[in-house]
Amino acid sequence: MKKYLAIARITFANILEYRWDFLLGHARTILLFLTLYFLWTQIFKNRLNLFGFNQEQIITYIFMSVILRQFVLTSSADQVGQELQTWGKFFSYLLRPVGYFRYWFTVDLVYKFSGVVITATIVFLLSNIF
């Protein structure tokens, strides 16, 4: 378990190593949320219901979908594919004292967890503003 906690710490440090990429990625999430929020606010400007849903239900759906989007779309599968194409990198994992799939599961979990926490914080702050 200590090995995987160390992997998680290193992965989180790698995420924060490229701070601008991290910040711009979440700025894109804020822009997506604001665009959807104002779009649905304008749609419901002259209506009370649309397809059986009211404005509060649609806005709640947007909040939840933005959080879920961050969890679902974040993946390290492309990194695994790149390493499998370069066999030398793949074989180096066989010399490590961790399992290959457990390693990538830990890395993927850290990416998903950090993305969901930051996105949920952003959504919580924006929901209090609006």
# chains A, B, ... in the order shown; residues from 1 in each chain; ligands from 1
call {"tool": "residues_around", "arguments": {"residues": "segment 19-32 of chain A", "least_positions_apart": "3", "cutoff": "9 Å", "atoms": "only C-alpha atoms", "output": "PyMOL selection string"}}
result
chain A and resi 15-16+35-37+66+70+115+118-119+122-123+126
call {"tool": "select_by_dssp", "arguments": {"residues": "chain A", "states": "strand (DSSP E)", "output": "list of chain:residue names"}}
result
A:Asn49, A:Leu50, A:Phe53, A:Asn54
call {"tool": "write_last_selection", "arguments": {"atoms": "N, CA and C atoms", "output": "JSON list (two decimals), in the first residue's frame"}}
result
[["chain", "number", "residue", "atom", "x", "y", "z"],
["A", 49, "ASN", "N", -41.55, 25.71, -18.08],
["A", 49, "ASN", "CA", -41.15, 24.32, -18.27],
["A", 49, "ASN", "C", -40.73, 24.10, -19.71],
["A", 50, "LEU", "N", -39.84, 23.14, -19.90],
["A", 50, "LEU", "CA", -39.42, 22.73, -21.22],
["A", 50, "LEU", "C", -39.21, 21.22, -21.17],
["A", 53, "PHE", "N", -39.29, 19.75, -17.71],
["A", 53, "PHE", "CA", -38.27, 20.14, -16.73],
["A", 53, "PHE", "C", -38.34, 21.64, -16.50],
["A", 54, "ASN", "N", -38.10, 22.05, -15.26],
["A", 54, "ASN", "CA", -38.04, 23.48, -14.98],
["A", 54, "ASN", "C", -36.58, 23.93, -14.95]]
call {"tool": "closest_residue", "arguments": {"among": "A:Ala120, A:Val98, A:Leu39, A:Leu48", "to": "Met1 of chain A", "atoms": "only C-alpha atoms"}}
result
A:Val98
call {"tool": "select_by_dssp", "arguments": {"residues": "chain A", "states": "helix (DSSP H, G or I)", "output": "PyMOL selection string"}}
result
chain A and resi 2-17+19-43+55-73+77-85+87-94+100-129
call {"tool": "decode", "arguments": {"residues": "segment 78-114 of chain A", "atoms": "C-alpha atoms", "output": "compact mmCIF listing (two decimals), in the first residue's frame"}}
result
# COMPACT_ATOMS: atom_id res chain seq x y z
CA ASP A 78 -3.60 7.11 -24.00
CA GLN A 79 -0.42 7.00 -21.91
CA VAL A 80 -0.76 3.24 -21.52
CA GLY A 81 -1.19 2.89 -25.29
CA GLN A 82 1.90 4.98 -25.97
CA GLU A 83 3.96 2.87 -23.60
CA LEU A 84 2.76 -0.35 -25.16
CA GLN A 85 3.88 0.97 -28.55
CA THR A 86 7.36 1.59 -27.19
CA TRP A 87 8.20 -1.82 -25.79
CA GLY A 88 11.28 -0.62 -23.93
CA LYS A 89 9.18 1.58 -21.69
CA PHE A 90 6.71 -1.23 -21.08
CA PHE A 91 9.40 -3.72 -20.09
CA SER A 92 10.85 -1.27 -17.57
CA TYR A 93 7.63 -1.67 -15.57
CA LEU A 94 8.30 -5.39 -15.23
CA LEU A 95 11.42 -4.57 -13.21
CA ARG A 96 9.53 -2.38 -10.76
CA PRO A 97 8.10 -3.75 -7.52
CA VAL A 98 4.56 -2.71 -8.48
CA GLY A 99 2.01 -4.29 -10.77
CA TYR A 100 1.60 -2.64 -14.16
CA PHE A 101 -2.18 -2.39 -14.05
CA ARG A 102 -2.24 -1.39 -10.39
CA TYR A 103 0.27 1.35 -11.16
CA TRP A 104 -1.88 2.76 -13.94
CA PHE A 105 -5.04 2.34 -11.87
CA THR A 106 -3.42 4.45 -9.14
CA VAL A 107 -2.28 7.10 -11.63
CA ASP A 108 -5.73 7.21 -13.25
CA LEU A 109 -7.44 7.43 -9.86
CA VAL A 110 -5.28 10.39 -8.83
CA TYR A 111 -6.06 12.21 -12.09
CA LYS A 112 -9.78 11.58 -11.69
CA PHE A 113 -9.86 12.43 -7.99
CA SER A 114 -7.94 15.69 -8.37
